[in-house]
>>> print(open('protein.tsv').read())   # TSV, C-alpha atoms
chain	number	residue	atom	x	y	z
Y	1	MET	CA	0.00	0.00	0.00
Y	2	THR	CA	1.51	3.30	-1.05
Y	3	ALA	CA	1.00	6.84	0.03
Y	4	GLU	CA	1.81	9.81	-2.18
Y	5	LEU	CA	2.76	13.27	-1.07
Y	6	GLN	CA	1.16	15.65	-3.59
Y	7	MET	CA	2.98	18.96	-4.01
Y	8	PRO	CA	1.74	21.94	-5.97
Y	9	SER	CA	3.09	22.33	-9.48
Y	10	THR	CA	3.00	26.15	-9.40
Y	11	GLY	CA	6.42	26.51	-7.86
Y	12	GLN	CA	5.12	28.74	-5.06
Y	13	GLY	CA	6.33	26.52	-2.23
Y	14	PRO	CA	4.85	23.59	-0.37
Y	15	SER	CA	1.21	23.53	0.66
Y	16	LEU	CA	-0.86	21.22	2.85
Y	17	ALA	CA	-0.10	17.64	1.92
Y	18	ILE	CA	-3.01	15.44	1.04
Y	19	LEU	CA	-2.73	11.75	1.81
Y	20	SER	CA	-4.76	9.66	-0.52
Y	21	ARG	CA	-5.42	5.98	-0.52
Y	22	PRO	CA	-7.21	3.87	-3.09
Y	23	GLY	CA	-10.96	3.73	-2.40
Y	24	MET	CA	-10.99	6.63	0.06
Y	25	GLY	CA	-11.61	9.52	-2.34
Y	26	ASN	CA	-15.42	9.43	-2.10
Y	27	GLY	CA	-15.39	9.28	1.70
Y	28	VAL	CA	-13.10	12.30	1.96
Y	29	LYS	CA	-15.26	14.29	-0.47
Y	30	GLU	CA	-18.51	13.38	1.32
Y	31	GLY	CA	-16.99	14.31	4.66
Y	32	ALA	CA	-15.86	17.66	3.28
Y	33	VAL	CA	-19.33	18.37	1.88
Y	34	ARG	CA	-21.00	17.50	5.20
Y	35	LEU	CA	-18.49	19.66	7.08
Y	36	ARG	CA	-19.17	22.59	4.79
Y	37	GLU	CA	-22.97	22.20	5.16
Y	38	ASP	CA	-22.70	22.05	8.95
Y	39	ALA	CA	-20.51	25.14	8.99
Y	40	GLU	CA	-22.97	27.05	6.79
Y	41	ALA	CA	-25.88	26.04	9.05
Y	42	VAL	CA	-24.02	27.22	12.16
Y	43	LEU	CA	-22.98	30.50	10.55
Y	44	SER	CA	-26.42	31.21	9.11
Y	45	SER	CA	-28.45	30.39	12.25
Y	46	PRO	CA	-27.75	33.73	14.03
Y	47	VAL	CA	-28.68	35.57	10.83
Y	48	SER	CA	-31.91	33.55	10.54
Y	49	SER	CA	-32.73	34.18	14.21
Y	50	LYS	CA	-32.11	37.90	13.78
Y	51	SER	CA	-34.37	37.93	10.71
Y	52	ASP	CA	-37.14	36.14	12.66
Y	53	HIS	CA	-36.92	38.73	15.45
Y	54	ARG	CA	-37.20	41.52	12.90
Y	55	GLN	CA	-40.26	39.90	11.35
Y	56	VAL	CA	-41.96	39.60	14.75
Y	57	LEU	CA	-41.19	43.24	15.65
Y	58	SER	CA	-42.37	44.36	12.21
Y	59	SER	CA	-45.66	42.46	12.66
Y	60	LEU	CA	-46.17	43.86	16.17
Y	61	LEU	CA	-45.60	47.45	15.03
Y	62	SER	CA	-47.75	47.12	11.90
Y	63	GLY	CA	-50.57	45.43	13.82
Y	64	ALA	CA	-50.56	48.06	16.57
Y	65	LEU	CA	-50.84	50.92	14.07
Y	66	ALA	CA	-53.51	49.08	12.06
Y	67	GLY	CA	-55.68	48.50	15.13
Y	68	ALA	CA	-55.31	52.07	16.41
Y	69	LEU	CA	-56.29	53.68	13.09
Y	70	ALA	CA	-59.20	51.33	12.47
Y	71	LYS	CA	-60.80	51.68	15.90
Y	72	THR	CA	-60.35	55.45	16.12
Y	73	ALA	CA	-62.08	55.86	12.75
Y	74	VAL	CA	-65.25	54.07	13.92
Y	75	ALA	CA	-65.18	54.85	17.67
Y	76	PRO	CA	-68.43	56.93	17.75
Y	77	LEU	CA	-70.36	54.19	15.92
Y	78	ASP	CA	-68.83	51.52	18.15
Y	79	ARG	CA	-69.84	53.36	21.33
Y	80	THR	CA	-73.41	53.77	20.05
Y	81	LYS	CA	-73.62	50.07	19.20
Y	82	ILE	CA	-72.47	49.05	22.70
Y	83	ILE	CA	-75.05	51.32	24.37
Y	84	PHE	CA	-77.85	49.59	22.42
Y	85	GLN	CA	-76.40	46.12	23.01
Y	86	VAL	CA	-76.47	46.45	26.80
Y	87	SER	CA	-79.90	48.10	27.04
Y	88	SER	CA	-83.44	46.94	26.28
Y	89	LYS	CA	-84.05	49.75	23.79
Y	90	ARG	CA	-85.14	48.72	20.34
Y	91	PHE	CA	-82.44	49.45	17.77
Y	92	SER	CA	-82.96	51.36	14.54
Y	93	ALA	CA	-80.67	53.47	12.40
Y	94	LYS	CA	-82.81	56.53	13.19
Y	95	GLU	CA	-82.50	55.95	16.97
Y	96	ALA	CA	-78.77	55.33	16.66
Y	97	PHE	CA	-78.09	58.61	14.88
Y	98	ARG	CA	-80.44	60.42	17.26
Y	99	LEU	CA	-78.34	59.09	20.15
Y	100	LEU	CA	-75.17	60.31	18.43
Y	101	TYR	CA	-76.73	63.74	17.88
Y	102	PHE	CA	-77.97	64.19	21.48
Y	103	THR	CA	-74.65	62.96	22.86
Y	104	TYR	CA	-72.93	65.63	20.78
Y	105	LEU	CA	-75.36	68.35	21.97
Y	106	ASN	CA	-75.29	67.43	25.66
Y	107	GLU	CA	-71.69	66.33	26.18
Y	108	GLY	CA	-69.73	67.81	23.29
Y	109	PHE	CA	-68.08	66.50	20.15
Y	110	LEU	CA	-65.21	64.69	21.90
Y	111	SER	CA	-67.69	62.76	24.07
Y	112	LEU	CA	-68.43	60.68	20.96
Y	113	TRP	CA	-64.97	59.18	21.53
Y	114	ARG	CA	-65.56	58.56	25.26
Y	115	GLY	CA	-63.93	55.28	26.18
Y	116	ASN	CA	-61.62	55.46	23.15
Y	117	SER	CA	-58.56	55.84	25.39
Y	118	ALA	CA	-59.50	52.53	27.01
Y	119	THR	CA	-60.13	51.17	23.51
Y	120	MET	CA	-56.61	52.16	22.44
Y	121	VAL	CA	-55.09	50.60	25.55
Y	122	ARG	CA	-56.86	47.36	24.57
Y	123	VAL	CA	-56.76	47.53	20.77
Y	124	VAL	CA	-53.09	48.41	20.32
Y	125	PRO	CA	-51.77	45.31	22.15
Y	126	TYR	CA	-54.69	43.19	20.88
Y	127	ALA	CA	-54.11	44.04	17.21
Y	128	ALA	CA	-50.33	43.81	17.59
Y	129	ILE	CA	-50.58	40.34	19.17
Y	130	GLN	CA	-53.26	39.15	16.75
Y	131	PHE	CA	-51.45	40.13	13.54
Y	132	SER	CA	-48.05	38.98	14.83
Y	133	ALA	CA	-49.50	35.67	16.07
Y	134	HIS	CA	-51.23	35.18	12.71
Y	135	GLU	CA	-47.94	35.56	10.85
Y	136	GLU	CA	-46.26	33.09	13.22
Y	137	TYR	CA	-49.11	30.56	13.03
Y	138	LYS	CA	-49.00	30.79	9.22
Y	139	ARG	CA	-45.28	29.99	9.26
Y	140	VAL	CA	-45.69	27.10	11.72
Y	141	LEU	CA	-48.65	25.58	9.86
Y	142	GLY	CA	-46.90	26.16	6.53
Y	143	ARG	CA	-43.89	24.16	7.71
Y	144	TYR	CA	-46.15	21.45	9.14
Y	145	TYR	CA	-48.18	21.05	5.95
Y	146	GLY	CA	-45.20	21.58	3.63
Y	147	PHE	CA	-46.32	24.93	2.21
Y	148	ARG	CA	-43.30	27.01	3.21
Y	149	GLY	CA	-43.36	30.37	1.41
Y	150	GLU	CA	-46.66	29.57	-0.32
Y	151	ALA	CA	-50.32	30.36	0.39
Y	152	LEU	CA	-51.80	27.96	2.92
Y	153	PRO	CA	-54.67	25.64	1.91
Y	154	PRO	CA	-58.16	26.55	3.25
Y	155	TRP	CA	-58.30	24.65	6.56
Y	156	PRO	CA	-54.86	25.73	7.88
Y	157	ARG	CA	-55.69	29.28	6.73
Y	158	LEU	CA	-58.88	29.22	8.82
Y	159	LEU	CA	-57.05	27.67	11.78
Y	160	ALA	CA	-54.28	30.28	11.73
Y	161	GLY	CA	-56.83	33.10	12.00
Y	162	ALA	CA	-58.80	31.41	14.78
Y	163	LEU	CA	-55.65	30.71	16.83
Y	164	ALA	CA	-54.41	34.28	16.36
Y	165	GLY	CA	-57.71	35.75	17.58
Y	166	THR	CA	-57.87	33.40	20.57
Y	167	THR	CA	-54.29	34.24	21.59
Y	168	ALA	CA	-54.90	37.99	21.44
Y	169	ALA	CA	-58.28	37.82	23.25
Y	170	SER	CA	-56.86	35.69	26.06
Y	171	LEU	CA	-54.03	38.14	26.77
Y	172	THR	CA	-56.03	41.39	26.60
Y	173	TYR	CA	-59.55	40.52	27.83
Y	174	PRO	CA	-59.63	42.66	31.04
Y	175	LEU	CA	-58.95	45.75	28.91
Y	176	ASP	CA	-61.96	44.89	26.74
Y	177	LEU	CA	-64.20	44.70	29.81
Y	178	VAL	CA	-62.90	48.06	31.09
Y	179	ARG	CA	-63.54	49.66	27.73
Y	180	ALA	CA	-67.14	48.36	27.67
Y	181	ARG	CA	-67.76	49.71	31.19
Y	182	MET	CA	-66.47	53.17	30.24
Y	183	ALA	CA	-68.59	53.25	27.09
Y	184	VAL	CA	-71.93	52.73	28.92
Y	185	THR	CA	-71.39	54.76	32.11
Y	186	PRO	CA	-71.44	58.54	32.77
Y	187	LYS	CA	-68.19	60.43	33.33
Y	188	GLU	CA	-68.90	60.73	37.07
Y	189	MET	CA	-68.79	56.97	37.64
Y	190	TYR	CA	-65.33	56.25	36.27
Y	191	SER	CA	-62.79	59.03	35.83
Y	192	ASN	CA	-60.17	57.00	33.93
Y	193	ILE	CA	-59.02	53.48	33.06
Y	194	PHE	CA	-57.20	52.91	36.35
Y	195	HIS	CA	-60.28	54.03	38.30
Y	196	VAL	CA	-62.32	51.31	36.55
Y	197	PHE	CA	-59.81	48.62	37.54
Y	198	ILE	CA	-59.68	49.86	41.15
Y	199	ARG	CA	-63.48	50.05	41.60
Y	200	ILE	CA	-64.13	46.68	39.97
Y	201	SER	CA	-61.48	44.92	42.08
Y	202	ARG	CA	-62.78	46.54	45.31
Y	203	GLU	CA	-66.52	46.30	44.75
Y	204	GLU	CA	-66.95	43.24	42.53
Y	205	GLY	CA	-63.75	41.22	42.89
Y	206	LEU	CA	-60.85	40.54	40.52
Y	207	THR	CA	-62.65	37.58	38.89
Y	208	THR	CA	-65.12	40.09	37.43
Y	209	LEU	CA	-62.34	41.26	35.08
Y	210	TYR	CA	-62.79	37.96	33.21
Y	211	HIS	CA	-66.61	37.89	33.37
Y	212	GLY	CA	-67.87	37.21	29.85
Y	213	PHE	CA	-64.55	35.70	28.72
Y	214	THR	CA	-66.08	32.43	27.49
Y	215	PRO	CA	-68.53	34.01	24.99
Y	216	THR	CA	-65.68	36.28	23.89
Y	217	VAL	CA	-63.46	33.34	22.95
Y	218	LEU	CA	-66.39	31.46	21.38
Y	219	GLY	CA	-67.11	34.55	19.29
Y	220	VAL	CA	-63.48	35.29	18.43
Y	221	ILE	CA	-62.87	31.84	16.95
Y	222	PRO	CA	-65.35	32.25	14.04
Y	223	TYR	CA	-64.78	36.01	13.78
Y	224	ALA	CA	-60.98	35.99	13.54
Y	225	GLY	CA	-60.90	32.69	11.69
Y	226	LEU	CA	-63.34	33.80	8.98
Y	227	SER	CA	-61.92	37.34	8.75
Y	228	PHE	CA	-58.32	36.24	8.12
Y	229	PHE	CA	-59.50	33.32	5.97
Y	230	THR	CA	-61.65	35.56	3.74
Y	231	TYR	CA	-58.97	38.25	3.38
Y	232	GLU	CA	-56.16	35.79	2.59
Y	233	THR	CA	-58.40	33.85	0.18
Y	234	LEU	CA	-59.42	37.00	-1.73
Y	235	LYS	CA	-55.77	38.06	-1.99
Y	236	SER	CA	-54.82	34.60	-3.27
Y	237	LEU	CA	-57.62	34.64	-5.87
Y	238	HIS	CA	-56.62	38.15	-6.92
Y	239	ARG	CA	-53.00	37.02	-7.42
Y	240	GLU	CA	-54.16	34.03	-9.45
Y	241	TYR	CA	-56.56	35.84	-11.79
Y	242	SER	CA	-55.03	39.32	-12.11
Y	243	GLY	CA	-51.43	38.27	-12.59
Y	244	ARG	CA	-50.27	40.93	-10.11
Y	245	ARG	CA	-48.45	39.89	-6.93
Y	246	GLN	CA	-49.84	42.75	-4.82
Y	247	PRO	CA	-53.35	44.27	-4.88
Y	248	TYR	CA	-53.83	48.03	-4.97
Y	249	PRO	CA	-54.72	49.71	-1.63
Y	250	PHE	CA	-58.38	50.20	-2.57
Y	251	GLU	CA	-58.60	46.49	-3.48
Y	252	ARG	CA	-57.18	45.60	-0.06
Y	253	MET	CA	-59.85	47.82	1.51
Y	254	ILE	CA	-62.57	45.94	-0.39
Y	255	PHE	CA	-61.12	42.54	0.60
Y	256	GLY	CA	-60.92	43.67	4.23
Y	257	ALA	CA	-64.49	44.99	4.14
Y	258	CYS	CA	-65.75	41.63	2.86
Y	259	ALA	CA	-63.74	39.86	5.57
Y	260	GLY	CA	-65.20	42.07	8.30
Y	261	LEU	CA	-68.75	41.66	7.01
Y	262	ILE	CA	-68.56	37.86	7.01
Y	263	GLY	CA	-66.65	37.52	10.28
Y	264	GLN	CA	-68.82	39.89	12.31
Y	265	SER	CA	-72.12	38.51	10.97
Y	266	ALA	CA	-71.10	34.98	11.98
Y	267	SER	CA	-70.13	35.89	15.55
Y	268	TYR	CA	-72.53	38.75	16.36
Y	269	PRO	CA	-74.98	37.01	18.77
Y	270	LEU	CA	-72.08	36.05	21.03
Y	271	ASP	CA	-70.86	39.65	20.89
Y	272	VAL	CA	-74.23	40.83	22.27
Y	273	VAL	CA	-74.09	38.21	25.06
Y	274	ARG	CA	-70.51	39.20	25.87
Y	275	ARG	CA	-71.38	42.90	26.21
Y	276	ARG	CA	-74.42	42.14	28.37
Y	277	MET	CA	-72.27	40.02	30.70
Y	278	GLN	CA	-69.43	42.56	30.83
Y	279	THR	CA	-71.70	45.43	31.89
Y	280	ALA	CA	-74.03	43.49	34.19
Y	281	GLY	CA	-72.60	45.21	37.28
Y	282	VAL	CA	-73.52	48.72	36.09
Y	283	THR	CA	-76.67	48.25	33.96
Y	284	GLY	CA	-78.87	46.40	36.45
Y	285	HIS	CA	-78.91	43.10	34.58
Y	286	PRO	CA	-78.26	39.98	36.71
Y	287	ARG	CA	-74.82	38.38	36.42
Y	288	THR	CA	-75.54	34.93	34.95
Y	289	SER	CA	-74.09	32.31	32.62
Y	290	ILE	CA	-73.93	32.48	28.83
Y	291	ALA	CA	-77.00	30.28	28.37
Y	292	ARG	CA	-79.12	32.23	30.88
Y	293	THR	CA	-78.01	35.58	29.48
Y	294	MET	CA	-78.94	34.45	25.99
Y	295	CYS	CA	-82.31	33.07	27.16
Y	296	THR	CA	-83.08	36.35	28.96
Y	297	ILE	CA	-82.33	38.37	25.83
Y	298	VAL	CA	-84.49	36.09	23.65
Y	299	ARG	CA	-87.37	36.09	26.17
Y	300	GLU	CA	-87.40	39.88	26.67
Y	301	GLU	CA	-86.50	41.11	23.19
Y	302	GLY	CA	-86.89	38.22	20.76
Y	303	ALA	CA	-84.27	36.07	19.02
Y	304	VAL	CA	-83.58	38.26	16.00
Y	305	ARG	CA	-84.19	41.69	17.53
Y	306	GLY	CA	-82.31	40.81	20.72
Y	307	LEU	CA	-79.34	38.77	19.53
Y	308	TYR	CA	-78.81	40.79	16.35
Y	309	LYS	CA	-79.47	44.21	17.88
Y	310	GLY	CA	-77.15	46.76	16.30
Y	311	LEU	CA	-76.00	44.43	13.51
Y	312	SER	CA	-76.89	46.99	10.84
Y	313	MET	CA	-74.62	49.47	12.67
Y	314	ASN	CA	-71.93	46.79	12.64
Y	315	TRP	CA	-72.40	46.32	8.90
Y	316	LEU	CA	-71.58	50.01	8.54
Y	317	LYS	CA	-68.62	50.26	10.92
Y	318	GLY	CA	-67.26	46.69	10.74
Y	319	PRO	CA	-66.23	46.59	7.07
Y	320	ILE	CA	-64.70	50.09	7.40
Y	321	ALA	CA	-62.68	49.13	10.49
Y	322	VAL	CA	-61.52	45.75	9.19
Y	323	GLY	CA	-60.73	47.18	5.76
Y	324	ILE	CA	-58.58	49.92	7.31
Y	325	SER	CA	-56.95	47.42	9.65
Y	326	PHE	CA	-55.91	44.85	7.04
Y	327	THR	CA	-54.85	47.49	4.52
Y	328	THR	CA	-52.74	49.40	7.06
Y	329	PHE	CA	-51.06	46.21	8.25
Y	330	ASP	CA	-50.14	45.06	4.73
Y	331	LEU	CA	-48.86	48.47	3.61
Y	332	MET	CA	-46.82	48.91	6.80
Y	333	GLN	CA	-45.29	45.46	6.29
Y	334	ILE	CA	-44.33	46.35	2.71
Y	335	LEU	CA	-42.85	49.70	3.85
Y	336	LEU	CA	-40.82	48.14	6.68
Y	337	ARG	CA	-39.45	45.43	4.39
Y	338	ARG	CA	-38.27	48.06	1.93
Y	339	LEU	CA	-36.65	50.08	4.72
Y	340	GLN	CA	-34.87	46.98	6.04
Y	341	SER	CA	-33.57	46.02	2.60
>>> encode(input="protein.tsv", output="structure tokens")
Amino acid sequence: MTAELQMPSTGQGPSLAILSRPGMGNGVKEGAVRLREDAEAVLSSPVSSKSDHRQVLSSLLSGALAGALAKTAVAPLDRTKIIFQVSSKRFSAKEAFRLLYFTYLNEGFLSLWRGNSATMVRVVPYAAIQFSAHEEYKRVLGRYYGFRGEALPPWPRLLAGALAGTTAASLTYPLDLVRARMAVTPKEMYSNIFHVFIRISREEGLTTLYHGFTPTVLGVIPYAGLSFFTYETLKSLHREYSGRRQPYPFERMIFGACAGLIGQSASYPLDVVRRRMQTAGVTGHPRTSIARTMCTIVREEGAVRGLYKGLSMNWLKGPIAVGISFTTFDLMQILLRRLQS
């Protein structure tokens, strides 16, 4: 058995000697390839991790701005809807706009946004978490189903939206209850957000902060699931039939409006039950379970008029809010990607 010492033929001096034996060439080459792949994986992992962190921060920032703009735009309509939801008054568009008008006359223009500060405290983290969680769930489900970098199939798309909504609702629910309390009470009762927390914890107990949580989650699952599913599906169909990778902003608004209309219509009865349970301590309604609250509403006001009270107002404000939200998020994501590159 011989061993050869191979020297360079360039005349530039000796280099690293390579010992070669018959039959070992393939093993050496394969080992070198594996070593190079391992080295590339190790070197690229910090870069990949850094990129993932940037994506999460980008989603959080875009989602926060999207939620803030959307909710501020429809805050007066949202407050009016909540007032009708938690009372026994019969809803009509005429009565709703009359309420808006008398609120403006008696309490001033800015009173139409009463409770919006509490809304922002809730919506900013809620929207940030929801949009960021949705992006993460899409990536996880995409890897699981083998659709990395591609549009998810229908069921995983629906699941990603439902999981994102549930995650956000679970983490921010007490803020939603505080916002509902501020929307239906006079200024004298609660002076600010912290005052609501203090009074509820002292007079009703800390567990009250999660009263109505179950109907909230049950409503969020179809709402968030169908909203994200509809929006992502319309974008995918647009890409397929128009030949353009990105829709125009007004097209995004239309897709978002359709998503909001479908999502809110599907989950609206549970939204009415949730509001009634959240405000039971200040509106005189008894604090009961979901089933009893729903039965009380149906018995006193009827199934359609009671459980769908204010839905026409939601059809006006919901598509606007969701359209603004989805459009703002997408455009912010595009802008941040360009800035990073």
>>> atom_distance(input="protein.tsv", atom1="atom CA of Glu203 of chain Y", atom2="atom CA of Val178 of chain Y")
14.2 Å
>>> residues_around(input="protein.tsv", residues="segment 258-275 of chain Y", least_positions_apart="2", cutoff="9 Å", atoms="all atoms listed in the file", output="VMD selection string")
chain Y and resid 82 85 to 86 177 180 211 to 216 218 to 231 234 253 to 256 277 to 280 290 293 to 294 297 306 to 311 314 to 316 318 to 323
>>> closest_residue(input="protein.tsv", among="Y:Leu110, Y:Leu175, Y:Leu163, Y:Val298", to="Pro125 of chain Y", atoms="all atoms listed in the file")
Y:Leu175
>>> closest_residue(input="protein.tsv", among="Y:Lys71, Y:Arg54, Y:Glu232, Y:Thr103", to="Lys138 of chain Y", atoms="all atoms listed in the file")
Y:Glu232
>>> axis_aligned_box(input="protein.tsv", around="segment 226-245 of chain Y", padding_each_side="6 Å", output="AutoDock Vina command-line options")
--center_x -55.9 --center_y 37.1 --center_z -1.8 --size_x 26.9 --size_y 19.6 --size_z 33.6
>>> atom_distance(input="protein.tsv", atom1="atom CA of Pro76 of chain Y", atom2="atom CA of Gly302 of chain Y")
26.5 Å
>>> atom_distance(input="protein.tsv", atom1="atom CA of Pro186 of chain Y", atom2="atom CA of Asn106 of chain Y")
12.0 Å
>>> closest_residue(input="protein.tsv", among="Y:Ser117, Y:Ala151, Y:Glu135, Y:Ala303", to="Arg239 of chain Y", atoms="all atoms listed in the file")
Y:Ala151
>>> closest_residue(input="protein.tsv", among="Y:Val217, Y:Val196, Y:Met189, Y:Leu331", to="Pro247 of chain Y", atoms="all atoms listed in the file")
Y:Leu331
>>> closest_residue(input="protein.tsv", among="Y:Thr233, Y:Thr166, Y:Ser325, Y:Thr288", to="Ala68 of chain Y", atoms="all atoms listed in the file")
Y:Ser325
>>> residues_near_point(input="protein.tsv", point="(-39.1, 41.0, 16.4)", cutoff="12 Å", atoms="only C-alpha atoms", output="PyMOL selection string")
chain Y and resi 48-62+128-129+132-133+135-136
>>> build_atoms(input="protein.tsv", residues="segment 170-187 of chain Y", atoms="N, CA, C and O atoms", output="PDB file, keeping the file's coordinate frame")
ATOM      1  N   SER Y 170     -57.224  36.237  24.755  1.00  0.00           N
ATOM      2  CA  SER Y 170     -56.860  35.690  26.060  1.00  0.00           C
ATOM      3  C   SER Y 170     -55.932  36.627  26.830  1.00  0.00           C
ATOM      4  O   SER Y 170     -56.040  36.758  28.048  1.00  0.00           O
ATOM      5  N   LEU Y 171     -55.035  37.293  26.116  1.00  0.00           N
ATOM      6  CA  LEU Y 171     -54.030  38.140  26.770  1.00  0.00           C
ATOM      7  C   LEU Y 171     -54.527  39.545  27.082  1.00  0.00           C
ATOM      8  O   LEU Y 171     -53.942  40.235  27.916  1.00  0.00           O
ATOM      9  N   THR Y 172     -55.600  39.991  26.431  1.00  0.00           N
ATOM     10  CA  THR Y 172     -56.030  41.390  26.600  1.00  0.00           C
ATOM     11  C   THR Y 172     -57.472  41.547  27.080  1.00  0.00           C
ATOM     12  O   THR Y 172     -58.004  42.656  27.083  1.00  0.00           O
ATOM     13  N   TYR Y 173     -58.118  40.453  27.508  1.00  0.00           N
ATOM     14  CA  TYR Y 173     -59.550  40.520  27.830  1.00  0.00           C
ATOM     15  C   TYR Y 173     -59.932  41.557  28.890  1.00  0.00           C
ATOM     16  O   TYR Y 173     -60.921  42.278  28.716  1.00  0.00           O
ATOM     17  N   PRO Y 174     -59.219  41.670  30.038  1.00  0.00           N
ATOM     18  CA  PRO Y 174     -59.630  42.660  31.040  1.00  0.00           C
ATOM     19  C   PRO Y 174     -59.730  44.082  30.483  1.00  0.00           C
ATOM     20  O   PRO Y 174     -60.602  44.858  30.893  1.00  0.00           O
ATOM     21  N   LEU Y 175     -58.885  44.423  29.528  1.00  0.00           N
ATOM     22  CA  LEU Y 175     -58.950  45.750  28.910  1.00  0.00           C
ATOM     23  C   LEU Y 175     -60.221  45.926  28.093  1.00  0.00           C
ATOM     24  O   LEU Y 175     -60.773  47.027  28.004  1.00  0.00           O
ATOM     25  N   ASP Y 176     -60.705  44.837  27.494  1.00  0.00           N
ATOM     26  CA  ASP Y 176     -61.960  44.890  26.740  1.00  0.00           C
ATOM     27  C   ASP Y 176     -63.137  45.147  27.665  1.00  0.00           C
ATOM     28  O   ASP Y 176     -64.041  45.932  27.360  1.00  0.00           O
ATOM     29  N   LEU Y 177     -63.126  44.498  28.832  1.00  0.00           N
ATOM     30  CA  LEU Y 177     -64.200  44.700  29.810  1.00  0.00           C
ATOM     31  C   LEU Y 177     -64.198  46.147  30.322  1.00  0.00           C
ATOM     32  O   LEU Y 177     -65.251  46.783  30.434  1.00  0.00           O
ATOM     33  N   VAL Y 178     -63.018  46.674  30.612  1.00  0.00           N
ATOM     34  CA  VAL Y 178     -62.900  48.060  31.090  1.00  0.00           C
ATOM     35  C   VAL Y 178     -63.418  49.037  30.041  1.00  0.00           C
ATOM     36  O   VAL Y 178     -64.144  49.987  30.356  1.00  0.00           O
ATOM     37  N   ARG Y 179     -63.084  48.781  28.807  1.00  0.00           N
ATOM     38  CA  ARG Y 179     -63.540  49.660  27.730  1.00  0.00           C
ATOM     39  C   ARG Y 179     -65.067  49.653  27.600  1.00  0.00           C
ATOM     40  O   ARG Y 179     -65.711  50.698  27.434  1.00  0.00           O
ATOM     41  N   ALA Y 180     -65.679  48.464  27.738  1.00  0.00           N
ATOM     42  CA  ALA Y 180     -67.140  48.360  27.670  1.00  0.00           C
ATOM     43  C   ALA Y 180     -67.790  49.105  28.831  1.00  0.00           C
ATOM     44  O   ALA Y 180     -68.805  49.793  28.651  1.00  0.00           O
ATOM     45  N   ARG Y 181     -67.222  49.000  30.026  1.00  0.00           N
ATOM     46  CA  ARG Y 181     -67.760  49.710  31.190  1.00  0.00           C
ATOM     47  C   ARG Y 181     -67.718  51.227  30.975  1.00  0.00           C
ATOM     48  O   ARG Y 181     -68.664  51.948  31.294  1.00  0.00           O
ATOM     49  N   MET Y 182     -66.610  51.727  30.463  1.00  0.00           N
ATOM     50  CA  MET Y 182     -66.470  53.170  30.240  1.00  0.00           C
ATOM     51  C   MET Y 182     -67.414  53.681  29.166  1.00  0.00           C
ATOM     52  O   MET Y 182     -67.874  54.819  29.214  1.00  0.00           O
ATOM     53  N   ALA Y 183     -67.727  52.823  28.199  1.00  0.00           N
ATOM     54  CA  ALA Y 183     -68.590  53.250  27.090  1.00  0.00           C
ATOM     55  C   ALA Y 183     -70.043  53.440  27.514  1.00  0.00           C
ATOM     56  O   ALA Y 183     -70.767  54.241  26.918  1.00  0.00           O
ATOM     57  N   VAL Y 184     -70.495  52.707  28.558  1.00  0.00           N
ATOM     58  CA  VAL Y 184     -71.930  52.730  28.920  1.00  0.00           C
ATOM     59  C   VAL Y 184     -72.208  53.476  30.224  1.00  0.00           C
ATOM     60  O   VAL Y 184     -73.349  53.505  30.664  1.00  0.00           O
ATOM     61  N   THR Y 185     -71.196  54.067  30.832  1.00  0.00           N
ATOM     62  CA  THR Y 185     -71.390  54.760  32.110  1.00  0.00           C
ATOM     63  C   THR Y 185     -71.104  56.253  31.959  1.00  0.00           C
ATOM     64  O   THR Y 185     -70.332  56.657  31.084  1.00  0.00           O
ATOM     65  N   PRO Y 186     -71.727  57.095  32.816  1.00  0.00           N
ATOM     66  CA  PRO Y 186     -71.440  58.540  32.770  1.00  0.00           C
ATOM     67  C   PRO Y 186     -70.031  58.837  33.273  1.00  0.00           C
ATOM     68  O   PRO Y 186     -69.395  58.014  33.938  1.00  0.00           O
ATOM     69  N   LYS Y 187     -69.555  60.038  32.956  1.00  0.00           N
ATOM     70  CA  LYS Y 187     -68.190  60.430  33.330  1.00  0.00           C
ATOM     71  C   LYS Y 187     -67.966  60.359  34.839  1.00  0.00           C
ATOM     72  O   LYS Y 187     -66.870  60.074  35.306  1.00  0.00           O
TER      73      LYS Y 187
END
